[in-house]
>>> print(open('data17.pdb').read())   # PDB, C-alpha atoms
ATOM      1  CA  MET C   1      70.658-109.959-274.041
ATOM      2  CA  LEU C   2      70.321-106.209-274.288
ATOM      3  CA  LYS C   3      67.029-106.722-276.111
ATOM      4  CA  ASN C   4      65.662-108.789-273.255
ATOM      5  CA  LYS C   5      66.773-106.202-270.746
ATOM      6  CA  GLY C   6      65.026-103.528-272.844
ATOM      7  CA  ILE C   7      61.828-105.509-272.847
ATOM      8  CA  THR C   8      62.112-106.080-269.101
ATOM      9  CA  LEU C   9      62.620-102.371-268.497
ATOM     10  CA  ILE C  10      59.624-101.492-270.653
ATOM     11  CA  ALA C  11      57.548-104.076-268.809
ATOM     12  CA  LEU C  12      58.620-102.556-265.489
ATOM     13  CA  VAL C  13      57.687 -99.069-266.664
ATOM     14  CA  VAL C  14      54.301-100.298-267.904
ATOM     15  CA  THR C  15      53.701-102.110-264.616
ATOM     16  CA  ILE C  16      54.528 -98.964-262.663
ATOM     17  CA  ILE C  17      52.185 -96.908-264.859
ATOM     18  CA  VAL C  18      49.392 -99.449-264.405
ATOM     19  CA  LEU C  19      49.931 -99.439-260.643
ATOM     20  CA  LEU C  20      49.838 -95.663-260.606
ATOM     21  CA  ILE C  21      46.605 -95.667-262.609
ATOM     22  CA  LEU C  22      45.094 -98.240-260.275
ATOM     23  CA  ALA C  23      46.275 -96.209-257.279
ATOM     24  CA  GLY C  24      44.698 -93.121-258.791
ATOM     25  CA  VAL C  25      41.426 -94.979-259.287
ATOM     26  CA  SER C  26      41.594 -96.236-255.708
ATOM     27  CA  ILE C  27      42.290 -92.751-254.340
ATOM     28  CA  THR C  28      39.390 -91.356-256.365
ATOM     29  CA  ALA C  29      37.176 -94.184-255.191
ATOM     30  CA  VAL C  30      38.019 -93.311-251.594
ATOM     31  CA  PHE C  31      38.382 -89.530-251.632
ATOM     32  CA  GLY C  32      36.585 -88.416-254.795
ATOM     33  CA  GLU C  33      33.291 -86.528-255.021
ATOM     34  CA  ASN C  34      31.385 -89.782-255.250
ATOM     35  CA  GLY C  35      33.928 -91.791-253.282
ATOM     36  CA  ILE C  36      33.518 -93.916-250.196
ATOM     37  CA  ILE C  37      34.240 -91.114-247.715
ATOM     38  CA  SER C  38      31.972 -88.652-249.502
ATOM     39  CA  GLY C  39      29.229 -91.252-249.623
ATOM     40  CA  ALA C  40      29.620 -91.985-245.934
ATOM     41  CA  GLN C  41      29.413 -88.269-245.128
ATOM     42  CA  LYS C  42      26.234 -87.877-247.171
ATOM     43  CA  ALA C  43      24.743 -90.947-245.487
ATOM     44  CA  LYS C  44      25.554 -89.461-242.062
ATOM     45  CA  GLU C  45      23.914 -86.162-243.026
ATOM     46  CA  LYS C  46      20.778 -87.972-244.173
ATOM     47  CA  THR C  47      20.706 -89.985-240.955
ATOM     48  CA  ASP C  48      21.112 -86.847-238.830
ATOM     49  CA  GLU C  49      18.306 -85.141-240.755
ATOM     50  CA  ALA C  50      16.049 -88.177-240.318
ATOM     51  CA  ILE C  51      16.743 -88.242-236.557
ATOM     52  CA  LYS C  52      15.993 -84.509-236.334
ATOM     53  CA  ASN C  53      12.688 -84.968-238.173
ATOM     54  CA  GLU C  54      11.746 -87.936-235.991
ATOM     55  CA  ARG C  55      12.453 -85.920-232.832
ATOM     56  CA  LYS C  56      10.364 -83.049-234.188
ATOM     57  CA  ASP C  57       7.456 -85.381-234.969
ATOM     58  CA  LEU C  58       7.755 -87.017-231.539
ATOM     59  CA  THR C  59       7.811 -83.616-229.820
ATOM     60  CA  GLU C  60       4.686 -82.555-231.680
ATOM     61  CA  LEU C  61       2.944 -85.803-230.757
ATOM     62  CA  LEU C  62       3.881 -85.493-227.074
ATOM     63  CA  ASP C  63       2.770 -81.852-226.987
ATOM     64  CA  GLU C  64      -0.619 -82.671-228.417
ATOM     65  CA  LEU C  65      -0.996 -85.672-226.099
ATOM     66  CA  ASP C  66      -0.157 -83.426-223.133
ATOM     67  CA  SER C  67      -2.688 -80.879-224.360
ATOM     68  CA  MET C  68      -5.408 -83.526-224.526
ATOM     69  CA  LEU C  69      -4.571 -85.090-221.152
ATOM     70  CA  THR C  70      -4.514 -81.731-219.361
ATOM     71  CA  GLY C  71      -7.667 -80.406-220.927
ATOM     72  CA  GLY C  72      -5.807 -78.219-223.381
ATOM     73  CA  GLU C  73      -7.906 -75.788-225.329
ATOM     74  CA  ALA C  74      -5.424 -74.981-228.088
ATOM     75  CA  THR C  75      -6.568 -75.292-231.661
ATOM     76  CA  GLN C  76      -4.487 -75.018-234.810
ATOM     77  CA  VAL C  77      -3.982 -71.352-235.601
ATOM     78  CA  ALA C  78      -4.611 -70.144-239.127
ATOM     79  CA  ASP C  79      -2.852 -66.794-239.085
ATOM     80  CA  ALA C  80      -2.102 -65.673-242.631
ATOM     81  CA  LYS C  81       0.477 -63.129-241.447
ATOM     82  CA  ALA C  82       1.892 -64.427-238.180
ATOM     83  CA  GLY C  83       3.594 -61.643-236.269
ATOM     84  CA  GLU C  84       1.467 -58.908-237.841
ATOM     85  CA  LEU C  85      -1.667 -57.749-236.013
ATOM     86  CA  ALA C  86      -4.641 -57.602-238.366
ATOM     87  CA  GLY C  87      -7.323 -54.949-237.785
ATOM     88  CA  LYS C  88      -7.484 -51.208-237.187
ATOM     89  CA  GLY C  89      -7.543 -51.004-233.407
ATOM     90  CA  THR C  90     -11.173 -49.845-233.190
ATOM     91  CA  GLU C  91     -14.118 -51.431-231.345
ATOM     92  CA  GLU C  92     -15.523 -52.550-234.692
ATOM     93  CA  GLU C  93     -12.183 -53.740-236.094
ATOM     94  CA  PRO C  94      -9.805 -54.403-233.179
ATOM     95  CA  TYR C  95      -6.220 -55.466-233.610
ATOM     96  CA  LEU C  96      -6.332 -59.265-233.493
ATOM     97  CA  ILE C  97      -4.030 -61.674-231.644
ATOM     98  CA  GLU C  98      -4.331 -64.895-233.662
ATOM     99  CA  SER C  99      -1.113 -66.755-232.824
ATOM    100  CA  ILE C 100       1.756 -66.839-230.336
ATOM    101  CA  GLU C 101       3.766 -64.883-232.899
ATOM    102  CA  ASP C 102       1.164 -62.087-232.758
ATOM    103  CA  LEU C 103       1.319 -62.047-228.951
ATOM    104  CA  VAL C 104       5.118 -61.697-229.018
ATOM    105  CA  THR C 105       4.871 -58.890-231.570
ATOM    106  CA  PHE C 106       2.262 -57.149-229.387
ATOM    107  CA  SER C 107       4.618 -57.374-226.402
ATOM    108  CA  ASN C 108       7.512 -56.025-228.445
ATOM    109  CA  ASN C 109       5.395 -53.126-229.731
ATOM    110  CA  VAL C 110       4.363 -52.004-226.241
ATOM    111  CA  ASN C 111       7.858 -52.407-224.809
ATOM    112  CA  GLU C 112       9.228 -50.313-227.660
ATOM    113  CA  GLY C 113       6.872 -47.422-226.912
ATOM    114  CA  ASN C 114       3.474 -48.120-228.503
ATOM    115  CA  SER C 115       1.066 -47.750-225.563
ATOM    116  CA  TYR C 116      -2.009 -48.608-227.693
ATOM    117  CA  GLU C 117      -3.807 -45.753-225.948
ATOM    118  CA  GLU C 118      -7.407 -45.488-227.206
ATOM    119  CA  LYS C 119      -6.852 -48.662-229.226
ATOM    120  CA  VAL C 120      -8.524 -52.058-228.832
ATOM    121  CA  VAL C 121      -6.621 -55.337-229.019
ATOM    122  CA  LYS C 122      -8.558 -58.610-228.982
ATOM    123  CA  LEU C 123      -7.501 -62.222-228.452
ATOM    124  CA  GLY C 124      -9.131 -64.209-231.229
ATOM    125  CA  ILE C 125      -8.192 -67.773-230.277
ATOM    126  CA  ASN C 126      -7.068 -69.944-227.339
ATOM    127  CA  LEU C 127      -3.274 -70.041-227.103
ATOM    128  CA  ASP C 128      -0.974 -72.548-225.399
ATOM    129  CA  PHE C 129       2.736 -71.704-225.191
ATOM    130  CA  LYS C 130       3.616 -75.415-225.043
ATOM    131  CA  SER C 131       1.481 -76.505-227.985
ATOM    132  CA  ASN C 132       2.790 -76.387-231.543
ATOM    133  CA  LEU C 133      -0.791 -75.755-232.623
ATOM    134  CA  SER C 134      -0.601 -72.222-231.210
ATOM    135  CA  TYR C 135       2.310 -71.260-233.459
ATOM    136  CA  VAL C 136       2.259 -70.808-237.203
ATOM    137  CA  ASP C 137       5.945 -71.763-237.144
ATOM    138  CA  TYR C 138       7.345 -72.610-233.726
ATOM    139  CA  THR C 139      10.824 -73.158-235.229
ATOM    140  CA  ARG C 140      11.324 -69.583-236.436
ATOM    141  CA  THR C 141      14.293 -67.724-234.974
ATOM    142  CA  ASP C 142      13.837 -64.164-236.256
ATOM    143  CA  TYR C 143      12.552 -62.903-232.882
ATOM    144  CA  GLY C 144      16.058 -63.377-231.506
ATOM    145  CA  ASP C 145      17.222 -64.350-228.025
ATOM    146  CA  ILE C 146      14.014 -63.612-226.092
ATOM    147  CA  ASN C 147      14.825 -65.716-223.024
ATOM    148  CA  LYS C 148      18.470 -64.596-222.730
ATOM    149  CA  ALA C 149      19.736 -68.173-222.520
ATOM    150  CA  ASN C 150      21.840 -70.268-224.929
ATOM    151  CA  GLY C 151      21.690 -67.705-227.718
ATOM    152  CA  THR C 152      18.912 -67.605-230.293
ATOM    153  CA  GLU C 153      16.867 -70.802-230.443
ATOM    154  CA  GLU C 154      13.481 -71.835-231.856
ATOM    155  CA  LEU C 155      10.654 -69.509-230.823
ATOM    156  CA  LYS C 156       8.859 -72.133-228.744
ATOM    157  CA  THR C 157      12.065 -72.946-226.859
ATOM    158  CA  GLU C 158      12.692 -69.244-226.248
ATOM    159  CA  LEU C 159       9.239 -68.828-224.686
ATOM    160  CA  THR C 160       9.209 -71.952-222.506
ATOM    161  CA  THR C 161      12.778 -72.023-221.104
ATOM    162  CA  GLY C 162      15.297 -69.563-219.659
ATOM    163  CA  GLY C 163      13.633 -66.212-218.969
ATOM    164  CA  GLY C 164      10.613 -67.127-221.071
ATOM    165  CA  PHE C 165       7.994 -64.627-222.293
ATOM    166  CA  ILE C 166       8.690 -60.903-221.958
ATOM    167  CA  PRO C 167       5.710 -59.215-220.232
ATOM    168  CA  ILE C 168       3.644 -56.675-222.134
ATOM    169  CA  GLY C 169       4.672 -53.243-220.859
ATOM    170  CA  ASN C 170       7.129 -51.947-218.253
ATOM    171  CA  SER C 171       7.641 -48.880-216.060
ATOM    172  CA  ASN C 172       9.023 -46.898-219.000
ATOM    173  CA  HIS C 173       6.465 -48.059-221.556
ATOM    174  CA  GLN C 174       3.075 -48.785-220.015
ATOM    175  CA  PHE C 175       0.144 -50.473-221.712
ATOM    176  CA  LYS C 176      -2.700 -47.935-221.882
ATOM    177  CA  GLY C 177      -5.157 -49.509-224.295
ATOM    178  CA  THR C 178      -8.014 -52.016-224.116
ATOM    179  CA  PHE C 179      -7.292 -55.728-224.226
ATOM    180  CA  ASP C 180     -10.318 -57.969-224.729
ATOM    181  CA  GLY C 181      -9.607 -61.657-224.146
ATOM    182  CA  GLY C 182     -12.775 -62.661-225.988
ATOM    183  CA  ALA C 183     -13.446 -65.320-223.314
ATOM    184  CA  HIS C 184     -10.355 -67.166-224.563
ATOM    185  CA  THR C 185      -7.549 -68.860-222.611
ATOM    186  CA  ILE C 186      -3.800 -68.303-222.574
ATOM    187  CA  LYS C 187      -2.204 -71.445-221.196
ATOM    188  CA  ASN C 188       1.284 -72.322-219.884
ATOM    189  CA  LEU C 189       2.565 -68.759-219.650
ATOM    190  CA  TYR C 190       6.166 -69.117-218.448
ATOM    191  CA  ILE C 191       8.315 -66.288-217.050
ATOM    192  CA  SER C 192      11.459 -66.581-214.931
ATOM    193  CA  ALA C 193      13.381 -63.358-214.493
ATOM    194  CA  ALA C 194      15.201 -61.263-211.897
ATOM    195  CA  SER C 195      13.039 -58.241-212.691
ATOM    196  CA  ASP C 196      10.122 -56.201-211.377
ATOM    197  CA  TYR C 197       6.727 -56.079-213.084
ATOM    198  CA  MET C 198       6.152 -59.644-214.197
ATOM    199  CA  GLY C 199       2.939 -61.145-215.588
ATOM    200  CA  LEU C 200       1.241 -61.451-218.960
ATOM    201  CA  PHE C 201       1.251 -57.664-218.682
ATOM    202  CA  GLY C 202       4.110 -56.022-216.826
ATOM    203  CA  TYR C 203       2.765 -52.518-216.207
ATOM    204  CA  CYS C 204      -0.776 -51.260-216.964
ATOM    205  CA  GLY C 205      -1.426 -47.506-216.961
ATOM    206  CA  ASP C 206      -4.522 -45.744-215.617
ATOM    207  CA  LYS C 207      -6.182 -45.698-219.042
ATOM    208  CA  SER C 208      -5.808 -49.427-219.580
ATOM    209  CA  SER C 209      -8.653 -51.941-219.586
ATOM    210  CA  ILE C 210      -8.170 -55.716-219.565
ATOM    211  CA  LYS C 211     -11.177 -58.014-219.588
ATOM    212  CA  ASN C 212     -12.669 -61.399-220.281
ATOM    213  CA  ILE C 213      -9.633 -63.698-220.285
ATOM    214  CA  VAL C 214      -8.415 -66.862-218.548
ATOM    215  CA  ILE C 215      -4.733 -67.363-217.662
ATOM    216  CA  SER C 216      -4.299 -71.127-217.199
ATOM    217  CA  ASN C 217      -1.435 -73.089-215.578
ATOM    218  CA  VAL C 218       0.728 -70.028-215.152
ATOM    219  CA  ASN C 219       4.389 -70.410-214.119
ATOM    220  CA  ILE C 220       5.970 -67.117-213.057
ATOM    221  CA  THR C 221       9.050 -66.736-210.848
ATOM    222  CA  SER C 222      10.945 -63.578-209.906
ATOM    223  CA  ILE C 223      13.341 -62.655-207.117
ATOM    224  CA  LYS C 224      12.105 -59.075-207.469
ATOM    225  CA  ASN C 225       8.742 -57.356-206.903
ATOM    226  CA  PHE C 226       5.324 -56.658-208.429
ATOM    227  CA  VAL C 227       4.341 -59.994-209.931
ATOM    228  CA  GLY C 228       0.882 -61.272-210.884
ATOM    229  CA  GLY C 229      -0.734 -63.794-213.190
ATOM    230  CA  LEU C 230      -2.283 -61.080-215.337
ATOM    231  CA  ALA C 231      -0.249 -57.992-214.432
ATOM    232  CA  GLY C 232       2.689 -56.979-212.273
ATOM    233  CA  ARG C 233       1.415 -53.465-211.518
ATOM    234  CA  ASN C 234      -2.010 -52.119-212.409
ATOM    235  CA  TYR C 235      -3.557 -48.635-212.437
ATOM    236  CA  GLY C 236      -6.339 -49.469-214.873
ATOM    237  CA  THR C 237      -9.491 -51.601-215.041
ATOM    238  CA  ILE C 238      -9.483 -55.390-214.780
ATOM    239  CA  ASP C 239     -12.771 -57.213-215.315
ATOM    240  CA  ARG C 240     -13.732 -60.897-215.631
ATOM    241  CA  VAL C 241     -10.193 -62.244-215.427
ATOM    242  CA  LYS C 242      -9.411 -65.714-214.092
ATOM    243  CA  THR C 243      -6.056 -67.192-213.154
ATOM    244  CA  GLU C 244      -6.557 -70.952-213.047
ATOM    245  CA  GLY C 245      -3.849 -73.215-211.625
ATOM    246  CA  GLY C 246      -0.087 -72.957-211.683
ATOM    247  CA  LYS C 247       2.291 -71.074-209.418
ATOM    248  CA  ILE C 248       3.391 -67.471-208.980
ATOM    249  CA  THR C 249       6.439 -66.622-206.856
ATOM    250  CA  ALA C 250       8.100 -63.283-206.074
ATOM    251  CA  LYS C 251       9.922 -61.340-203.361
ATOM    252  CA  GLN C 252       7.259 -58.697-202.631
ATOM    253  CA  TYR C 253       3.875 -57.611-203.976
ATOM    254  CA  VAL C 254       2.644 -60.821-205.530
ATOM    255  CA  GLY C 255      -0.936 -61.816-206.369
ATOM    256  CA  GLY C 256      -2.962 -64.122-208.558
ATOM    257  CA  ILE C 257      -4.325 -61.312-210.716
ATOM    258  CA  THR C 258      -1.900 -58.456-210.068
ATOM    259  CA  GLY C 259       1.011 -57.917-207.711
ATOM    260  CA  TRP C 260       0.125 -54.289-206.928
ATOM    261  CA  ASN C 261      -3.131 -52.517-207.675
ATOM    262  CA  LYS C 262      -4.421 -48.956-207.711
ATOM    263  CA  GLY C 263      -7.112 -49.594-210.279
ATOM    264  CA  ASN C 264     -10.449 -51.386-210.330
ATOM    265  CA  ILE C 265     -10.705 -55.180-210.250
ATOM    266  CA  THR C 266     -14.149 -56.722-210.703
ATOM    267  CA  SER C 267     -15.599 -60.225-211.216
ATOM    268  CA  SER C 268     -12.147 -61.838-211.159
ATOM    269  CA  SER C 269     -10.743 -64.926-209.431
ATOM    270  CA  ASN C 270      -7.552 -66.874-208.822
ATOM    271  CA  SER C 271      -6.716 -70.496-208.057
ATOM    272  CA  ALA C 272      -2.961 -70.406-208.702
ATOM    273  CA  GLN C 273      -0.536 -70.986-205.822
ATOM    274  CA  ILE C 274       0.949 -67.710-204.570
ATOM    275  CA  THR C 275       4.230 -67.780-202.619
ATOM    276  CA  GLU C 276       7.080 -65.545-201.527
ATOM    277  CA  ASN C 277      10.453 -66.267-203.074
ATOM    278  CA  GLU C 278      12.702 -68.460-200.914
ATOM    279  CA  MET C 279      15.813 -66.733-202.272
ATOM    280  CA  VAL C 280      15.352 -63.776-199.926
ATOM    281  CA  GLU C 281      18.504 -63.410-197.814
ATOM    282  CA  PRO C 282      18.188 -65.398-194.548
ATOM    283  CA  GLY C 283      17.581 -63.247-191.468
ATOM    284  CA  THR C 284      16.273 -60.357-193.569
ATOM    285  CA  TYR C 285      12.801 -59.095-192.658
ATOM    286  CA  ILE C 286      10.594 -57.799-195.421
ATOM    287  CA  GLU C 287       6.859 -57.265-195.761
ATOM    288  CA  THR C 288       5.944 -59.637-198.547
ATOM    289  CA  PHE C 289       2.436 -58.394-199.469
ATOM    290  CA  VAL C 290       1.064 -61.652-200.829
ATOM    291  CA  GLY C 291      -2.590 -61.998-201.849
ATOM    292  CA  GLY C 292      -4.892 -64.263-203.812
ATOM    293  CA  ILE C 293      -6.072 -61.430-206.056
ATOM    294  CA  THR C 294      -3.509 -58.691-205.411
ATOM    295  CA  GLY C 295      -0.525 -58.357-203.125
ATOM    296  CA  GLU C 296      -1.223 -54.734-202.212
ATOM    297  CA  ASN C 297      -4.267 -52.624-203.012
ATOM    298  CA  TYR C 298      -4.867 -48.858-202.990
ATOM    299  CA  ASN C 299      -7.974 -46.862-203.783
ATOM    300  CA  ARG C 300      -8.094 -43.802-206.038
ATOM    301  CA  ASN C 301      -7.425 -41.546-203.048
ATOM    302  CA  ASN C 302      -4.100 -43.276-202.523
ATOM    303  CA  LYS C 303      -5.394 -45.002-199.390
ATOM    304  CA  ARG C 304      -3.981 -48.428-198.779
ATOM    305  CA  MET C 305      -6.854 -50.892-198.514
ATOM    306  CA  PHE C 306      -4.860 -54.043-197.660
TER     307      PHE C 306
END
>>> encode(input="data17.pdb", output="structure tokens")
Amino acid sequence: MLKNKGITLIALVVTIIVLLILAGVSITAVFGENGIISGAQKAKEKTDEAIKNERKDLTELLDELDSMLTGGEATQVADAKAGELAGKGTEEEPYLIESIEDLVTFSNNVNEGNSYEEKVVKLGINLDFKSNLSYVDYTRTDYGDINKANGTEELKTELTTGGGFIPIGNSNHQFKGTFDGGAHTIKNLYISAASDYMGLFGYCGDKSSIKNIVISNVNITSIKNFVGGLAGRNYGTIDRVKTEGGKITAKQYVGGITGWNKGNITSSSNSAQITENEMVEPGTYIETFVGGITGENYNRNNKRMF
């Protein structure tokens, strides 16, 4: 009798041990490194990555389709060192803008104090802010929060949403060099900011020269003053510049080429829509100074021409 009880007890202990082992196997199968939950998590990560890649491919396809349908001139850039301007800044070997990254670096350089006085900068290729072709890597984030919205995002997003592109030059750091567009086009320039001096160039000094460039489908909005497709305020020389299509809106001093001018403008034209900003306080009277080429124009003797 005692022997049978002993055997029964041993059997019970063995059964418990087996159950514990099986439970351990089950727990490992569920929670272990290669368990069900881990496998499901890895599957989810792969799915998320696949969706991200599909969205990226679709975005690229839609961008290129839009470029073709709207007569886009962008071609795939081949900039070996995107964000670094090749050349020496001379007439024979100008600094070259060969990608959107280069254009952003150029803007940063001027706004940080490099006026490019007595230097030549040349656009070497058509650029489209909305086309992936114009970026070497439109996903890069090392330029930081350019548009001051939603923190740091991909470079293309930074330049086409929020505040958009930061104009080249300002009242503290003017552009004073020569910029040769090389008969190329910059398309889909987007700027939306509550600041003065908005355009591809913000503020051009009296030694500056900008020539031979097309600004296409521009989209610039400011509730402040001195806004133009090419430049917000100009004291230099502008020659053979075209602003083609798009819309430019500001509070005062707004024009298709430059918002305010005391320099020379020759052989230039504008077909963008120019309007005063509707956010001006109701009942407030201001002189808006809106013009197809320039909002307000002075000659070298400081005489207001129109």
>>> atom_distance(input="data17.pdb", atom1="CA of Ala78 in chain C", atom2="CA of Lys119 in chain C")
23.8 Å
>>> resolve_selection(input="data17.pdb", expression="the PyMOL selection byres ((chain C and resi 233-243) around 7)", output="VMD selection string")
chain C and resid 197 202 to 216 226 229 231 to 232 244 to 245 256 to 272
>>> write_last_selection(input="data17.pdb", atoms="C-alpha atoms", output="PDB file, in the frame of the given file")
ATOM      1  CA  TYR C 197       6.727 -56.079-213.084  1.00  0.00           C
ATOM      2  CA  GLY C 202       4.110 -56.022-216.826  1.00  0.00           C
ATOM      3  CA  TYR C 203       2.765 -52.518-216.207  1.00  0.00           C
ATOM      4  CA  CYS C 204      -0.776 -51.260-216.964  1.00  0.00           C
ATOM      5  CA  GLY C 205      -1.426 -47.506-216.961  1.00  0.00           C
ATOM      6  CA  ASP C 206      -4.522 -45.744-215.617  1.00  0.00           C
ATOM      7  CA  LYS C 207      -6.182 -45.698-219.042  1.00  0.00           C
ATOM      8  CA  SER C 208      -5.808 -49.427-219.580  1.00  0.00           C
ATOM      9  CA  SER C 209      -8.653 -51.941-219.586  1.00  0.00           C
ATOM     10  CA  ILE C 210      -8.170 -55.716-219.565  1.00  0.00           C
ATOM     11  CA  LYS C 211     -11.177 -58.014-219.588  1.00  0.00           C
ATOM     12  CA  ASN C 212     -12.669 -61.399-220.281  1.00  0.00           C
ATOM     13  CA  ILE C 213      -9.633 -63.698-220.285  1.00  0.00           C
ATOM     14  CA  VAL C 214      -8.415 -66.862-218.548  1.00  0.00           C
ATOM     15  CA  ILE C 215      -4.733 -67.363-217.662  1.00  0.00           C
ATOM     16  CA  SER C 216      -4.299 -71.127-217.199  1.00  0.00           C
ATOM     17  CA  PHE C 226       5.324 -56.658-208.429  1.00  0.00           C
ATOM     18  CA  GLY C 229      -0.734 -63.794-213.190  1.00  0.00           C
ATOM     19  CA  ALA C 231      -0.249 -57.992-214.432  1.00  0.00           C
ATOM     20  CA  GLY C 232       2.689 -56.979-212.273  1.00  0.00           C
ATOM     21  CA  GLU C 244      -6.557 -70.952-213.047  1.00  0.00           C
ATOM     22  CA  GLY C 245      -3.849 -73.215-211.625  1.00  0.00           C
ATOM     23  CA  GLY C 256      -2.962 -64.122-208.558  1.00  0.00           C
ATOM     24  CA  ILE C 257      -4.325 -61.312-210.716  1.00  0.00           C
ATOM     25  CA  THR C 258      -1.900 -58.456-210.068  1.00  0.00           C
ATOM     26  CA  GLY C 259       1.011 -57.917-207.711  1.00  0.00           C
ATOM     27  CA  TRP C 260       0.125 -54.289-206.928  1.00  0.00           C
ATOM     28  CA  ASN C 261      -3.131 -52.517-207.675  1.00  0.00           C
ATOM     29  CA  LYS C 262      -4.421 -48.956-207.711  1.00  0.00           C
ATOM     30  CA  GLY C 263      -7.112 -49.594-210.279  1.00  0.00           C
ATOM     31  CA  ASN C 264     -10.449 -51.386-210.330  1.00  0.00           C
ATOM     32  CA  ILE C 265     -10.705 -55.180-210.250  1.00  0.00           C
ATOM     33  CA  THR C 266     -14.149 -56.722-210.703  1.00  0.00           C
ATOM     34  CA  SER C 267     -15.599 -60.225-211.216  1.00  0.00           C
ATOM     35  CA  SER C 268     -12.147 -61.838-211.159  1.00  0.00           C
ATOM     36  CA  SER C 269     -10.743 -64.926-209.431  1.00  0.00           C
ATOM     37  CA  ASN C 270      -7.552 -66.874-208.822  1.00  0.00           C
ATOM     38  CA  SER C 271      -6.716 -70.496-208.057  1.00  0.00           C
ATOM     39  CA  ALA C 272      -2.961 -70.406-208.702  1.00  0.00           C
TER      40      ALA C 272
END
>>> atom_distance(input="data17.pdb", atom1="CA of Asn219 in chain C", atom2="CA of Ile274 in chain C")
10.5 Å
>>> residues_around(input="data17.pdb", residues="range 102-109 of chain C", least_positions_apart="4", cutoff="10 Å", atoms="only C-alpha atoms", output="PyMOL selection string")
chain C and resi 79+81-86+95-98+113-116+121+123+127+135-136+143+146+155+159+165-169+173+175+200-202
>>> write_last_selection(input="data17.pdb", atoms="C-alpha atoms", output="PDB file, in the frame of the given file")
ATOM      1  CA  ASP C  79      -2.852 -66.794-239.085  1.00  0.00           C
ATOM      2  CA  LYS C  81       0.477 -63.129-241.447  1.00  0.00           C
ATOM      3  CA  ALA C  82       1.892 -64.427-238.180  1.00  0.00           C
ATOM      4  CA  GLY C  83       3.594 -61.643-236.269  1.00  0.00           C
ATOM      5  CA  GLU C  84       1.467 -58.908-237.841  1.00  0.00           C
ATOM      6  CA  LEU C  85      -1.667 -57.749-236.013  1.00  0.00           C
ATOM      7  CA  ALA C  86      -4.641 -57.602-238.366  1.00  0.00           C
ATOM      8  CA  TYR C  95      -6.220 -55.466-233.610  1.00  0.00           C
ATOM      9  CA  LEU C  96      -6.332 -59.265-233.493  1.00  0.00           C
ATOM     10  CA  ILE C  97      -4.030 -61.674-231.644  1.00  0.00           C
ATOM     11  CA  GLU C  98      -4.331 -64.895-233.662  1.00  0.00           C
ATOM     12  CA  GLY C 113       6.872 -47.422-226.912  1.00  0.00           C
ATOM     13  CA  ASN C 114       3.474 -48.120-228.503  1.00  0.00           C
ATOM     14  CA  SER C 115       1.066 -47.750-225.563  1.00  0.00           C
ATOM     15  CA  TYR C 116      -2.009 -48.608-227.693  1.00  0.00           C
ATOM     16  CA  VAL C 121      -6.621 -55.337-229.019  1.00  0.00           C
ATOM     17  CA  LEU C 123      -7.501 -62.222-228.452  1.00  0.00           C
ATOM     18  CA  LEU C 127      -3.274 -70.041-227.103  1.00  0.00           C
ATOM     19  CA  TYR C 135       2.310 -71.260-233.459  1.00  0.00           C
ATOM     20  CA  VAL C 136       2.259 -70.808-237.203  1.00  0.00           C
ATOM     21  CA  TYR C 143      12.552 -62.903-232.882  1.00  0.00           C
ATOM     22  CA  ILE C 146      14.014 -63.612-226.092  1.00  0.00           C
ATOM     23  CA  LEU C 155      10.654 -69.509-230.823  1.00  0.00           C
ATOM     24  CA  LEU C 159       9.239 -68.828-224.686  1.00  0.00           C
ATOM     25  CA  PHE C 165       7.994 -64.627-222.293  1.00  0.00           C
ATOM     26  CA  ILE C 166       8.690 -60.903-221.958  1.00  0.00           C
ATOM     27  CA  PRO C 167       5.710 -59.215-220.232  1.00  0.00           C
ATOM     28  CA  ILE C 168       3.644 -56.675-222.134  1.00  0.00           C
ATOM     29  CA  GLY C 169       4.672 -53.243-220.859  1.00  0.00           C
ATOM     30  CA  HIS C 173       6.465 -48.059-221.556  1.00  0.00           C
ATOM     31  CA  PHE C 175       0.144 -50.473-221.712  1.00  0.00           C
ATOM     32  CA  LEU C 200       1.241 -61.451-218.960  1.00  0.00           C
ATOM     33  CA  PHE C 201       1.251 -57.664-218.682  1.00  0.00           C
ATOM     34  CA  GLY C 202       4.110 -56.022-216.826  1.00  0.00           C
TER      35      GLY C 202
END
>>> resolve_selection(input="data17.pdb", expression="the PyMOL selection byres ((chain C and resi 253) around 10)", output="PyMOL selection string")
chain C and resi 196-197+224-228+232-233+249-252+254-255+258-261+276+287-291+294-297
>>> atom_distance(input="data17.pdb", atom1="CA of Ile220 in chain C", atom2="CA of Lys187 in chain C")
12.3 Å
>>> resolve_selection(input="data17.pdb", expression="the PyMOL selection byres ((chain C and resi 162) around 6)", output="ChimeraX atom specification")
/C:147,149,161,163-164
>>> write_last_selection(input="data17.pdb", atoms="C-alpha atoms", output="PDB file, in the frame of the given file")
ATOM      1  CA  ASN C 147      14.825 -65.716-223.024  1.00  0.00           C
ATOM      2  CA  ALA C 149      19.736 -68.173-222.520  1.00  0.00           C
ATOM      3  CA  THR C 161      12.778 -72.023-221.104  1.00  0.00           C
ATOM      4  CA  GLY C 163      13.633 -66.212-218.969  1.00  0.00           C
ATOM      5  CA  GLY C 164      10.613 -67.127-221.071  1.00  0.00           C
TER       6      GLY C 164
END
>>> closest_residue(input="data17.pdb", among="C:Ala43, C:Ser192, C:Ser222, C:Phe129", to="Thr275 in chain C", atoms="all atoms listed in the file")
C:Ser222
>>> closest_residue(input="data17.pdb", among="C:Glu117, C:Glu154, C:Asp128, C:Glu92", to="Thr75 in chain C", atoms="all atoms listed in the file")
C:Asp128
